[in-house]
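So this one's work39.pdb, PDB, C-alpha atoms and all ligand atoms:
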ATOM      1  CA  MET A   1       0.000   0.000   0.000
ATOM      2  CA  LYS A   2       1.338   3.425  -0.957
ATOM      3  CA  ILE A   3      -0.015   6.537   0.743
ATOM      4  CA  ALA A   4       0.943  10.014  -0.450
ATOM      5  CA  VAL A   5       0.521  12.880   2.024
ATOM      6  CA  ALA A   6      -0.085  16.351   0.591
ATOM      7  CA  GLY A   7      -1.597  19.732   1.422
ATOM      8  CA  LYS A   8      -0.590  23.359   1.787
ATOM      9  CA  GLY A   9       2.764  24.310   3.275
ATOM     10  CA  GLY A  10       2.758  24.106   7.062
ATOM     11  CA  ALA A  11      -0.454  22.060   7.214
ATOM     12  CA  GLY A  12       1.282  19.274   9.122
ATOM     13  CA  LYS A  13       2.236  16.823   6.343
ATOM     14  CA  THR A  14       5.661  15.994   7.730
ATOM     15  CA  THR A  15       4.513  15.701  11.345
ATOM     16  CA  PHE A  16       1.709  13.400  10.238
ATOM     17  CA  SER A  17       3.900  11.326   7.883
ATOM     18  CA  ALA A  18       6.612  10.764  10.478
ATOM     19  CA  THR A  19       4.221   9.893  13.279
ATOM     20  CA  ALA A  20       2.076   7.620  11.104
ATOM     21  CA  SER A  21       5.154   5.843   9.695
ATOM     22  CA  ARG A  22       6.465   5.009  13.137
ATOM     23  CA  LEU A  23       3.050   3.974  14.480
ATOM     24  CA  LEU A  24       2.543   1.646  11.515
ATOM     25  CA  ALA A  25       6.029   0.195  12.010
ATOM     26  CA  ARG A  26       5.286  -0.350  15.704
ATOM     27  CA  SER A  27       2.197  -2.323  14.710
ATOM     28  CA  GLY A  28       4.458  -4.760  12.880
ATOM     29  CA  ARG A  29       4.290  -3.363   9.350
ATOM     30  CA  ASP A  30       7.221  -3.056   7.006
ATOM     31  CA  VAL A  31       7.265   0.716   6.422
ATOM     32  CA  ILE A  32       9.134   2.837   3.906
ATOM     33  CA  ALA A  33       8.943   6.597   4.373
ATOM     34  CA  ILE A  34       9.890   8.687   1.368
ATOM     35  CA  ASP A  35      10.802  12.328   1.823
ATOM     36  CA  ALA A  36       9.541  13.711  -1.475
ATOM     37  CA  ASP A  37      10.061  17.320  -0.448
ATOM     38  CA  THR A  38      12.957  19.073  -2.153
ATOM     39  CA  ASN A  39      13.451  20.858   1.161
ATOM     40  CA  PRO A  40      13.807  17.568   3.047
ATOM     41  CA  ASN A  41      13.041  17.396   6.749
ATOM     42  CA  LEU A  42      11.174  14.150   7.306
ATOM     43  CA  HIS A  43      14.313  12.637   8.840
ATOM     44  CA  ALA A  44      14.215  15.131  11.707
ATOM     45  CA  ALA A  45      10.537  14.427  12.402
ATOM     46  CA  LEU A  46      11.319  10.697  12.474
ATOM     47  CA  GLY A  47      14.246  11.154  14.850
ATOM     48  CA  VAL A  48      17.214  10.860  12.468
ATOM     49  CA  SER A  49      20.061  13.341  12.863
ATOM     50  CA  ASN A  50      21.399  15.497  10.051
ATOM     51  CA  GLU A  51      24.778  13.763  10.410
ATOM     52  CA  ALA A  52      23.225  10.307   9.988
ATOM     53  CA  ILE A  53      21.087  11.212   7.006
ATOM     54  CA  ARG A  54      24.008  12.831   5.198
ATOM     55  CA  GLN A  55      25.686   9.397   5.041
ATOM     56  CA  VAL A  56      22.923   8.061   2.783
ATOM     57  CA  PRO A  57      23.150   9.145  -0.845
ATOM     58  CA  PHE A  58      20.127  10.384  -2.754
ATOM     59  CA  PRO A  59      19.040   7.938  -5.449
ATOM     60  CA  PRO A  60      20.799   9.151  -8.613
ATOM     61  CA  THR A  61      18.703  10.138 -11.581
ATOM     62  CA  THR A  62      20.599   7.569 -13.682
ATOM     63  CA  LEU A  63      18.504   4.912 -11.905
ATOM     64  CA  VAL A  64      15.589   5.739 -14.139
ATOM     65  CA  SER A  65      14.849   5.146 -17.756
ATOM     66  CA  ARG A  66      11.843   6.600 -19.490
ATOM     67  CA  SER A  67       9.438   4.275 -21.189
ATOM     68  CA  PHE A  68       6.090   4.697 -22.867
ATOM     69  CA  ASP A  69       4.372   3.897 -19.567
ATOM     70  CA  GLY A  70       6.383   6.472 -17.632
ATOM     71  CA  PRO A  71       9.644   6.302 -15.675
ATOM     72  CA  ALA A  72      10.998   2.862 -14.665
ATOM     73  CA  LEU A  73      13.863   1.796 -12.412
ATOM     74  CA  ASN A  74      16.674   0.073 -14.261
ATOM     75  CA  GLU A  75      17.924  -1.757 -11.150
ATOM     76  CA  PRO A  76      16.121  -4.163  -8.809
ATOM     77  CA  ILE A  77      14.095  -2.277  -6.203
ATOM     78  CA  ALA A  78      15.727  -4.261  -3.375
ATOM     79  CA  ASP A  79      19.189  -3.011  -4.412
ATOM     80  CA  VAL A  80      17.956   0.562  -4.633
ATOM     81  CA  LEU A  81      16.405   0.354  -1.171
ATOM     82  CA  ASP A  82      19.563  -1.226   0.271
ATOM     83  CA  ARG A  83      21.757   1.577  -1.001
ATOM     84  CA  HIS A  84      19.508   4.564  -0.466
ATOM     85  CA  THR A  85      17.561   3.976   2.732
ATOM     86  CA  LEU A  86      18.489   4.498   6.342
ATOM     87  CA  VAL A  87      16.783   2.662   9.190
ATOM     88  CA  ALA A  88      15.005   5.244  11.344
ATOM     89  CA  PRO A  89      13.471   4.677  14.825
ATOM     90  CA  ASP A  90      10.949   1.822  15.043
ATOM     91  CA  GLY A  91      12.482   0.278  11.922
ATOM     92  CA  VAL A  92      11.042   2.708   9.380
ATOM     93  CA  ARG A  93      13.182   2.732   6.251
ATOM     94  CA  LEU A  94      13.722   6.300   5.108
ATOM     95  CA  LEU A  95      14.596   7.391   1.586
ATOM     96  CA  ARG A  96      15.012  10.982   0.417
ATOM     97  CA  MET A  97      14.137  12.098  -3.092
ATOM     98  CA  GLY A  98      16.748  14.816  -3.497
ATOM     99  CA  MET A  99      17.321  18.507  -3.090
ATOM    100  CA  PRO A 100      19.020  21.285  -5.025
ATOM    101  CA  GLU A 101      22.761  21.292  -4.302
ATOM    102  CA  HIS A 102      23.504  24.614  -5.964
ATOM    103  CA  ALA A 103      21.724  27.780  -7.047
ATOM    104  CA  ASP A 104      20.730  27.906 -10.728
ATOM    105  CA  GLU A 105      21.116  24.154 -11.212
ATOM    106  CA  GLY A 106      17.732  23.796 -12.920
ATOM    107  CA  CYS A 107      14.623  21.771 -12.251
ATOM    108  CA  LEU A 108      14.402  18.565 -10.252
ATOM    109  CA  CYS A 109      12.160  16.690 -12.686
ATOM    110  CA  SER A 110      14.510  13.694 -12.751
ATOM    111  CA  ALA A 111      14.439  13.355  -8.976
ATOM    112  CA  HIS A 112      10.637  13.288  -9.123
ATOM    113  CA  ALA A 113      10.869  10.632 -11.841
ATOM    114  CA  VAL A 114      12.994   8.456  -9.545
ATOM    115  CA  VAL A 115      10.275   8.528  -6.883
ATOM    116  CA  SER A 116       7.575   7.779  -9.410
ATOM    117  CA  ALA A 117       9.549   4.792 -10.754
ATOM    118  CA  LEU A 118      10.311   3.576  -7.253
ATOM    119  CA  LEU A 119       6.648   3.698  -6.289
ATOM    120  CA  GLY A 120       5.754   1.675  -9.362
ATOM    121  CA  ASP A 121       8.247  -1.053  -8.456
ATOM    122  CA  LEU A 122       7.087  -1.119  -4.828
ATOM    123  CA  ASP A 123       4.040  -3.015  -6.112
ATOM    124  CA  ALA A 124       6.367  -6.024  -5.958
ATOM    125  CA  MET A 125       6.372  -5.631  -2.156
ATOM    126  CA  PRO A 126       2.637  -5.761  -1.366
ATOM    127  CA  SER A 127       2.981  -6.118   2.388
ATOM    128  CA  THR A 128       5.079  -2.952   2.627
ATOM    129  CA  ILE A 129       3.382   0.314   3.504
ATOM    130  CA  THR A 130       4.986   3.318   1.853
ATOM    131  CA  LEU A 131       4.306   6.832   3.073
ATOM    132  CA  LEU A 132       5.250   9.656   0.778
ATOM    133  CA  ASP A 133       5.704  13.070   2.406
ATOM    134  CA  MET A 134       5.096  15.469  -0.472
ATOM    135  CA  GLU A 135       6.091  19.081  -0.941
ATOM    136  CA  ALA A 136       3.437  21.779  -0.687
ATOM    137  CA  SER A 137       3.382  22.560  -4.386
ATOM    138  CA  PRO A 138       0.765  20.640  -6.409
ATOM    139  CA  GLU A 139       3.555  19.804  -8.860
ATOM    140  CA  HIS A 140       3.791  16.285  -7.450
ATOM    141  CA  LEU A 141       0.448  15.763  -9.146
ATOM    142  CA  SER A 142       1.173  17.680 -12.346
ATOM    143  CA  ARG A 143       4.550  15.914 -12.725
ATOM    144  CA  GLY A 144       3.034  12.539 -11.838
ATOM    145  CA  THR A 145       5.369  11.908  -8.880
ATOM    146  CA  ALA A 146       2.495  10.505  -6.826
ATOM    147  CA  ARG A 147       0.714   8.810  -9.718
ATOM    148  CA  GLU A 148       1.557   5.323  -8.441
ATOM    149  CA  ALA A 149       0.104   5.925  -4.956
ATOM    150  CA  ASN A 150      -2.993   3.988  -3.902
ATOM    151  CA  ALA A 151      -4.232   6.726  -1.618
ATOM    152  CA  LEU A 152      -3.725  10.460  -1.237
ATOM    153  CA  VAL A 153      -4.176  12.029   2.192
ATOM    154  CA  LEU A 154      -4.749  15.768   2.004
ATOM    155  CA  ILE A 155      -3.963  17.503   5.277
ATOM    156  CA  ALA A 156      -6.231  20.509   5.832
ATOM    157  CA  GLU A 157      -5.927  23.327   8.322
ATOM    158  CA  PRO A 158      -9.029  25.247   9.370
ATOM    159  CA  TYR A 159      -8.535  28.295   7.172
ATOM    160  CA  PHE A 160      -9.613  29.148   3.670
ATOM    161  CA  ARG A 161      -6.276  29.121   1.813
ATOM    162  CA  SER A 162      -5.392  25.715   3.192
ATOM    163  CA  LEU A 163      -8.756  24.361   2.125
ATOM    164  CA  GLU A 164      -8.406  25.895  -1.325
ATOM    165  CA  ALA A 165      -5.048  24.101  -1.699
ATOM    166  CA  VAL A 166      -6.716  20.831  -0.707
ATOM    167  CA  LYS A 167      -9.499  21.406  -3.225
ATOM    168  CA  LEU A 168      -6.998  22.011  -6.046
ATOM    169  CA  GLN A 169      -4.952  18.930  -5.184
ATOM    170  CA  ALA A 170      -8.095  16.784  -4.915
ATOM    171  CA  ARG A 171      -9.209  17.974  -8.344
ATOM    172  CA  LEU A 172      -5.830  17.130  -9.884
ATOM    173  CA  ALA A 173      -5.731  13.753  -8.115
ATOM    174  CA  ALA A 174      -9.148  12.908  -9.559
ATOM    175  CA  GLU A 175      -7.512  13.016 -13.012
ATOM    176  CA  THR A 176      -4.984  10.355 -11.982
ATOM    177  CA  ALA A 177      -5.288   6.672 -11.182
ATOM    178  CA  ILE A 178      -4.900   7.296  -7.442
ATOM    179  CA  GLY A 179      -7.728   5.170  -6.068
ATOM    180  CA  ARG A 180      -8.625   6.967  -2.866
ATOM    181  CA  VAL A 181      -8.397  10.661  -2.015
ATOM    182  CA  VAL A 182      -9.222  11.641   1.562
ATOM    183  CA  VAL A 183      -8.969  14.747   3.710
ATOM    184  CA  VAL A 184      -7.682  14.829   7.284
ATOM    185  CA  ALA A 185      -8.502  17.932   9.309
ATOM    186  CA  ASN A 186      -5.472  19.034  11.332
ATOM    187  CA  LYS A 187      -4.840  21.686  13.993
ATOM    188  CA  CYS A 188      -8.509  21.844  15.029
ATOM    189  CA  ARG A 189      -8.725  24.011  18.159
ATOM    190  CA  SER A 190     -12.505  23.786  18.456
ATOM    191  CA  ASP A 191     -15.643  22.120  17.158
ATOM    192  CA  SER A 192     -16.230  25.170  15.001
ATOM    193  CA  ASP A 193     -12.809  24.706  13.332
ATOM    194  CA  PHE A 194     -13.832  21.174  12.444
ATOM    195  CA  ALA A 195     -17.326  22.279  11.393
ATOM    196  CA  GLY A 196     -15.766  24.753   8.935
ATOM    197  CA  ILE A 197     -13.640  22.033   7.346
ATOM    198  CA  THR A 198     -16.625  19.665   7.298
ATOM    199  CA  GLU A 199     -18.777  22.237   5.511
ATOM    200  CA  PHE A 200     -16.081  22.928   2.932
ATOM    201  CA  CYS A 201     -15.603  19.213   2.276
ATOM    202  CA  ASP A 202     -19.364  18.675   1.970
ATOM    203  CA  ASN A 203     -19.615  21.545  -0.521
ATOM    204  CA  TYR A 204     -16.875  20.139  -2.734
ATOM    205  CA  GLU A 205     -17.598  16.434  -2.204
ATOM    206  CA  LEU A 206     -14.309  15.791  -0.468
ATOM    207  CA  ASP A 207     -14.032  12.672   1.694
ATOM    208  CA  LEU A 208     -13.191  13.977   5.178
ATOM    209  CA  ILE A 209     -12.145  10.960   7.257
ATOM    210  CA  ALA A 210     -10.645  12.246  10.498
ATOM    211  CA  ARG A 211      -9.878  15.119  12.829
ATOM    212  CA  ILE A 212      -6.539  15.812  14.475
ATOM    213  CA  PRO A 213      -6.631  18.403  17.242
ATOM    214  CA  TRP A 214      -4.310  21.327  17.765
ATOM    215  CA  GLY A 215      -1.616  20.313  20.252
ATOM    216  CA  ASP A 216       0.837  22.645  21.961
ATOM    217  CA  GLU A 217       2.976  19.549  22.506
ATOM    218  CA  VAL A 218       3.605  19.379  18.745
ATOM    219  CA  LEU A 219       5.308  22.773  18.873
ATOM    220  CA  ASP A 220       7.066  21.858  22.130
ATOM    221  CA  ALA A 221       8.400  18.699  20.458
ATOM    222  CA  ASP A 222       9.689  20.799  17.559
ATOM    223  CA  ALA A 223      11.359  23.204  19.972
ATOM    224  CA  ALA A 224      13.013  20.273  21.741
ATOM    225  CA  ALA A 225      14.101  18.823  18.346
ATOM    226  CA  THR A 226      12.410  15.579  19.367
ATOM    227  CA  PRO A 227       9.908  13.545  17.339
ATOM    228  CA  LEU A 228       6.347  14.019  18.569
ATOM    229  CA  LEU A 229       6.033  10.280  19.183
ATOM    230  CA  ASP A 230       8.954  10.364  21.615
ATOM    231  CA  PHE A 231       8.030  13.690  23.201
ATOM    232  CA  ALA A 232       4.312  13.064  23.817
ATOM    233  CA  PRO A 233       3.507   9.446  22.913
ATOM    234  CA  ALA A 234       0.084   9.426  24.568
ATOM    235  CA  SER A 235      -1.002  12.879  23.390
ATOM    236  CA  PRO A 236      -4.366  13.424  21.692
ATOM    237  CA  VAL A 237      -2.528  14.309  18.453
ATOM    238  CA  VAL A 238      -0.703  10.965  18.410
ATOM    239  CA  MET A 239      -3.953   9.145  19.222
ATOM    240  CA  ALA A 240      -5.652  10.935  16.333
ATOM    241  CA  VAL A 241      -2.846   9.978  13.924
ATOM    242  CA  GLN A 242      -3.222   6.378  15.103
ATOM    243  CA  ASN A 243      -6.906   6.637  14.236
ATOM    244  CA  VAL A 244      -6.047   7.730  10.685
ATOM    245  CA  CYS A 245      -3.655   4.762  10.380
ATOM    246  CA  ASP A 246      -6.423   2.423  11.516
ATOM    247  CA  ILE A 247      -8.749   3.841   8.869
ATOM    248  CA  LEU A 248      -6.250   3.817   5.997
ATOM    249  CA  ALA A 249      -4.277   0.672   6.771
ATOM    250  CA  PRO A 250      -6.303  -1.591   9.034
ATOM    251  CA  ASN A 251      -4.546  -4.727  10.201
ATOM    252  CA  SER A 252      -6.787  -6.769   7.928
ATOM    253  CA  LEU A 253      -4.947  -5.269   4.947
ATOM    254  CA  ILE A 254      -1.552  -6.680   5.947
ATOM    255  CA  GLY A 255      -0.191  -8.493   2.938
ATOM    256  CA  GLN A 256      -2.505  -6.852   0.423
ATOM    257  CA  ALA A 257      -1.456  -4.356  -2.199
ATOM    258  CA  SER A 258      -4.182  -1.818  -1.464
TER     259      SER A 258
HETATM  260  N1  LIG A 301      -1.803  19.075  15.278
HETATM  261  C1  LIG A 301      -0.922  20.074  15.390
HETATM  262  N2  LIG A 301      -1.008  20.951  16.419
HETATM  263  C2  LIG A 301      -0.138  21.971  16.547
HETATM  264  N3  LIG A 301       0.870  22.216  15.701
HETATM  265  C3  LIG A 301       1.026  21.371  14.663
HETATM  266  C4  LIG A 301       0.154  20.263  14.448
HETATM  267  N4  LIG A 301       0.574  19.602  13.331
HETATM  268  C5  LIG A 301       1.653  20.273  12.891
HETATM  269  N5  LIG A 301       1.934  21.332  13.679
HETATM  270  C6  LIG A 301       3.015  22.311  13.521
HETATM  271  O1  LIG A 301       2.854  22.957  12.272
HETATM  272  C7  LIG A 301       4.117  23.294  11.699
HETATM  273  C8  LIG A 301       4.222  22.702  10.317
HETATM  274  O2  LIG A 301       4.212  21.274  10.421
HETATM  275  P1  LIG A 301       4.872  20.349   9.317
HETATM  276  O3  LIG A 301       4.525  18.968   9.685
HETATM  277  O4  LIG A 301       6.309  20.696   9.126
HETATM  278  O5  LIG A 301       4.034  20.834   8.047
HETATM  279  P2  LIG A 301       4.268  20.591   6.476
HETATM  280  O6  LIG A 301       5.128  19.377   6.326
HETATM  281  O7  LIG A 301       2.881  20.412   5.941
HETATM  282  O8  LIG A 301       4.907  21.835   5.957
HETATM  283  C9  LIG A 301       5.174  22.760  12.665
HETATM  284  O9  LIG A 301       5.577  23.809  13.519
HETATM  285  C10 LIG A 301       4.401  21.696  13.463
HETATM  286  O10 LIG A 301       4.928  21.537  14.753
HETATM  287 MG    MG A 302       6.874  19.075   5.254
END
Target format structure tokens, applied to this file:
Amino acid sequence: MKIAVAGKGGAGKTTFSATASRLLARSGRDVIAIDADTNPNLHAALGVSNEAIRQVPFPPTTLVSRSFDGPALNEPIADVLDRHTLVAPDGVRLLRMGMPEHADEGCLCSAHAVVSALLGDLDAMPSTITLLDMEASPEHLSRGTAREANALVLIAEPYFRSLEAVKLQARLAAETAIGRVVVVANKCRSDSDFAGITEFCDNYELDLIARIPWGDEVLDADAAATPLLDFAPASPVVMAVQNVCDILAPNSLIGQAS
């Protein structure tokens, strides 16, 4: 199963992806977390230091060849994962897409193509759950980076511009083969915050599946440079992320592709 996580910048994609990855791994799943943000920071949210992550090379763009059906890996997926993943806390395997090394070096289309090809080949590992922490830009949909995902989770904050970003990404996703597009309300400080998101989703026929509350402990964890799951493991935010995991990847799906 391959779950892409998207939404407006700052909505909580990385916090959610890291926490969900580790919770799923703790429940016995084989989990791969892909940092598909060209400003990568999923490693920090998982609890991996900058020094450790620097030891693991980005997958080179030469790993991909273009075919009629889209990008394809030209090496076995197991070899690629061996070379380009690092084992994060709870056994999550972390892979980073890439980032610009220098100013003026041009677009990162090839790095996106690597992720797309990798996701395609992950179908050969049906019991693995892959979480893809996307960048805020909807380009992951226009470039097709997330086209091989089975589900797209759109993280929404209770304000109009965040919801508009979710609406745009849902519309683009509907033009792809991604089977399931859902919205998760994040940073809800009140019932009226959630009611606003619910009304928006009803108006635009978006599938709102869960509510994650605002939690001061999320900011405190950031300030302490500690993953939320280590800082406040029993917090309402962690419980709510667990609930999303239970909805998206119930134990009954272990061993199935989607
Ligand atoms: N449920 C929440 N309650 C409070 N703050 C949150 C919550 N989720 C995320 N945040 C905070 O929001 C900011 C952006 O989160 P992040 O996960 O980096 O977003 P994104 O990856 O979407 O840009 C961070 O400061 C994070 O601590
Ligand atoms: Mg992020």
For this file, the PyMOL selection byres (((not hetatm)) within 6 of (chain A and resi 301)) selects which residues, as a PyMOL selection string? chain A and resi 9-15+186-187+212-216+218-219+222+237
For a quick check of understanding, using only C-alpha atoms, which of A:Gln169, A:Thr85, A:Thr19, A:Ser162 has the smallest distance to Met134 of chain A?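 The shortest atom-to-atom distance to Met134 of chain A comes from A:Gln169.
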Counting all atoms listed in the file, note down every residue that has an atom within 10 Å of the point (16.0, 13.7, -11.8) (file coordinates), as a list in words.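 In the file's frame, the residues around the point are Pro59, Pro60, Thr61, Thr62, Leu63, Val64, Met97, Gly98, Cys107, Leu108, Cys109, Ser110, Ala111, His112, Ala113, Val114 and Val115 of chain A.
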Kindly export the residues of the current selection with C-alpha atoms, as a short mmCIF file (atom, residue, chain, number, x, y, z; two decimals), in the frame of the given file.
data_model
loop_
_atom_site.label_atom_id
_atom_site.label_comp_id
_atom_site.auth_asym_id
_atom_site.auth_seq_id
_atom_site.Cartn_x
_atom_site.Cartn_y
_atom_site.Cartn_z
CA PRO A 59 19.04 7.94 -5.45
CA PRO A 60 20.80 9.15 -8.61
CA THR A 61 18.70 10.14 -11.58
CA THR A 62 20.60 7.57 -13.68
CA LEU A 63 18.50 4.91 -11.90
CA VAL A 64 15.59 5.74 -14.14
CA MET A 97 14.14 12.10 -3.09
CA GLY A 98 16.75 14.82 -3.50
CA CYS A 107 14.62 21.77 -12.25
CA LEU A 108 14.40 18.57 -10.25
CA CYS A 109 12.16 16.69 -12.69
CA SER A 110 14.51 13.69 -12.75
CA ALA A 111 14.44 13.36 -8.98
CA HIS A 112 10.64 13.29 -9.12
CA ALA A 113 10.87 10.63 -11.84
CA VAL A 114 12.99 8.46 -9.54
CA VAL A 115 10.28 8.53 -6.88
#
Which residues are close to segment 142-154 of chain A, i.e. within 7 Å by only C-alpha atoms, leaving aside same-chain residues fewer than 3 positions away? Reply as a PyMOL selection string. chain A and resi 1-7+112-113+115-116+119-120+138-139+166+176-184+258
Could the residues in this selection be saved with C-alpha atoms as a CSV table (one decimal), keeping the file's coordinate frame?
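Final file, again-v3.csv:
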chain,number,residue,atom,x,y,z
A,1,MET,CA,0.0,0.0,0.0
A,2,LYS,CA,1.3,3.4,-1.0
A,3,ILE,CA,0.0,6.5,0.7
A,4,ALA,CA,0.9,10.0,-0.4
A,5,VAL,CA,0.5,12.9,2.0
A,6,ALA,CA,-0.1,16.4,0.6
A,7,GLY,CA,-1.6,19.7,1.4
A,112,HIS,CA,10.6,13.3,-9.1
A,113,ALA,CA,10.9,10.6,-11.8
A,115,VAL,CA,10.3,8.5,-6.9
A,116,SER,CA,7.6,7.8,-9.4
A,119,LEU,CA,6.6,3.7,-6.3
A,120,GLY,CA,5.8,1.7,-9.4
A,138,PRO,CA,0.8,20.6,-6.4
A,139,GLU,CA,3.6,19.8,-8.9
A,166,VAL,CA,-6.7,20.8,-0.7
A,176,THR,CA,-5.0,10.4,-12.0
A,177,ALA,CA,-5.3,6.7,-11.2
A,178,ILE,CA,-4.9,7.3,-7.4
A,179,GLY,CA,-7.7,5.2,-6.1
A,180,ARG,CA,-8.6,7.0,-2.9
A,181,VAL,CA,-8.4,10.7,-2.0
A,182,VAL,CA,-9.2,11.6,1.6
A,183,VAL,CA,-9.0,14.7,3.7
A,184,VAL,CA,-7.7,14.8,7.3
A,258,SER,CA,-4.2,-1.8,-1.5
Target residues per the PyMOL selection byres (((chain A and resi 92) around 9) and not hetatm), formatted as a ChimeraX atom specification: /A:21-22,24-25,30-33,46,86-91,93-94
For atom CA of Phe58 of chain A and atom CA of Leu95 of chain A, the interatomic separation in Å (one decimal):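 Computing it gives 7.6 Å between the two atoms.
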Got a sec: who's within 10 Å of Ile77 of chain A, counting all atoms listed in the file, leaving out chain neighbours fewer than 4 positions off, as a compact mmCIF listing (two decimals) with C-alpha atoms, in the frame of the given file?
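Full text of result-v6.txt as output:
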# COMPACT_ATOMS: atom_id res chain seq x y z
CA LEU A 73 13.86 1.80 -12.41
CA LEU A 81 16.40 0.35 -1.17
CA ASP A 82 19.56 -1.23 0.27
CA ALA A 117 9.55 4.79 -10.75
CA LEU A 118 10.31 3.58 -7.25
CA LEU A 119 6.65 3.70 -6.29
CA GLY A 120 5.75 1.68 -9.36
CA ASP A 121 8.25 -1.05 -8.46
CA LEU A 122 7.09 -1.12 -4.83
CA ALA A 124 6.37 -6.02 -5.96
CA MET A 125 6.37 -5.63 -2.16
Identify which of the residues A:Leu229, A:Ala36, A:Ala20, A:Met99 lies closest to ligand MG 302 (chain A), counting all atoms listed in the file when measuring atom-to-atom distances. A:Ala36
Got a sec to resolve the PyMOL selection byres (((chain A and resi 200) around 12) and not hetatm) on this structure and send the residues as a ChimeraX atom specification? /A:156-164,166-167,183,185,193-199,201-208
Using only C-alpha atoms, which protein or nucleic acid residues come within 8 Å of Glu217 of chain A? Drop anything in the same chain fewer than 2 positions from it, and give the result as a PyMOL selection string. chain A and resi 215+219-221+228+231-232+235
Can you work out which one of A:Val56, A:Cys245, A:Ala210, A:Ala18 has the shortest atom-to-atom distance to ligand MG 302 (chain A), counting all atoms listed in the file?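 Once distances to ligand MG 302 (chain A) are computed over all atoms listed in the file, the minimum belongs to A:Ala18.
Put simply, atom CA of Gly47 of chain A is 18.8 Å away from atom CA of Gly28 of chain A.
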Please, could N, CA and C atoms be added to segment 151-166 of chain A and the result written as a compact mmCIF listing (two decimals), in the frame of the given file?
# COMPACT_ATOMS: atom_id res chain seq x y z
N ALA A 151 -3.38 5.79 -2.35
CA ALA A 151 -4.23 6.73 -1.62
C ALA A 151 -3.50 8.05 -1.47
N LEU A 152 -4.28 9.13 -1.46
CA LEU A 152 -3.72 10.46 -1.24
C LEU A 152 -4.42 11.05 -0.02
N VAL A 153 -3.63 11.40 0.99
CA VAL A 153 -4.18 12.03 2.19
C VAL A 153 -3.88 13.52 2.10
N LEU A 154 -4.92 14.32 2.08
CA LEU A 154 -4.75 15.77 2.00
C LEU A 154 -4.95 16.34 3.40
N ILE A 155 -3.90 16.94 3.93
CA ILE A 155 -3.96 17.50 5.28
C ILE A 155 -4.50 18.93 5.17
N ALA A 156 -5.57 19.19 5.90
CA ALA A 156 -6.23 20.51 5.83
C ALA A 156 -6.17 21.22 7.17
N GLU A 157 -5.82 22.49 7.13
CA GLU A 157 -5.93 23.33 8.32
C GLU A 157 -7.23 24.12 8.23
N PRO A 158 -7.74 24.53 9.39
CA PRO A 158 -9.03 25.25 9.37
C PRO A 158 -8.91 26.71 8.95
N TYR A 159 -8.45 26.94 7.72
CA TYR A 159 -8.54 28.30 7.17
C TYR A 159 -8.62 28.18 5.66
N PHE A 160 -9.17 29.23 5.05
CA PHE A 160 -9.61 29.15 3.67
C PHE A 160 -8.50 28.76 2.69
N ARG A 161 -7.33 29.38 2.81
CA ARG A 161 -6.28 29.12 1.81
C ARG A 161 -5.79 27.68 1.88
N SER A 162 -5.78 27.11 3.07
CA SER A 162 -5.39 25.72 3.19
C SER A 162 -6.43 24.82 2.51
N LEU A 163 -7.69 25.17 2.72
CA LEU A 163 -8.76 24.36 2.12
C LEU A 163 -8.78 24.50 0.61
N GLU A 164 -8.47 25.70 0.13
CA GLU A 164 -8.41 25.90 -1.32
C GLU A 164 -7.29 25.03 -1.93
N ALA A 165 -6.16 24.94 -1.21
CA ALA A 165 -5.05 24.10 -1.70
C ALA A 165 -5.48 22.64 -1.76
N VAL A 166 -6.21 22.21 -0.74
CA VAL A 166 -6.72 20.83 -0.71
C VAL A 166 -7.67 20.58 -1.88
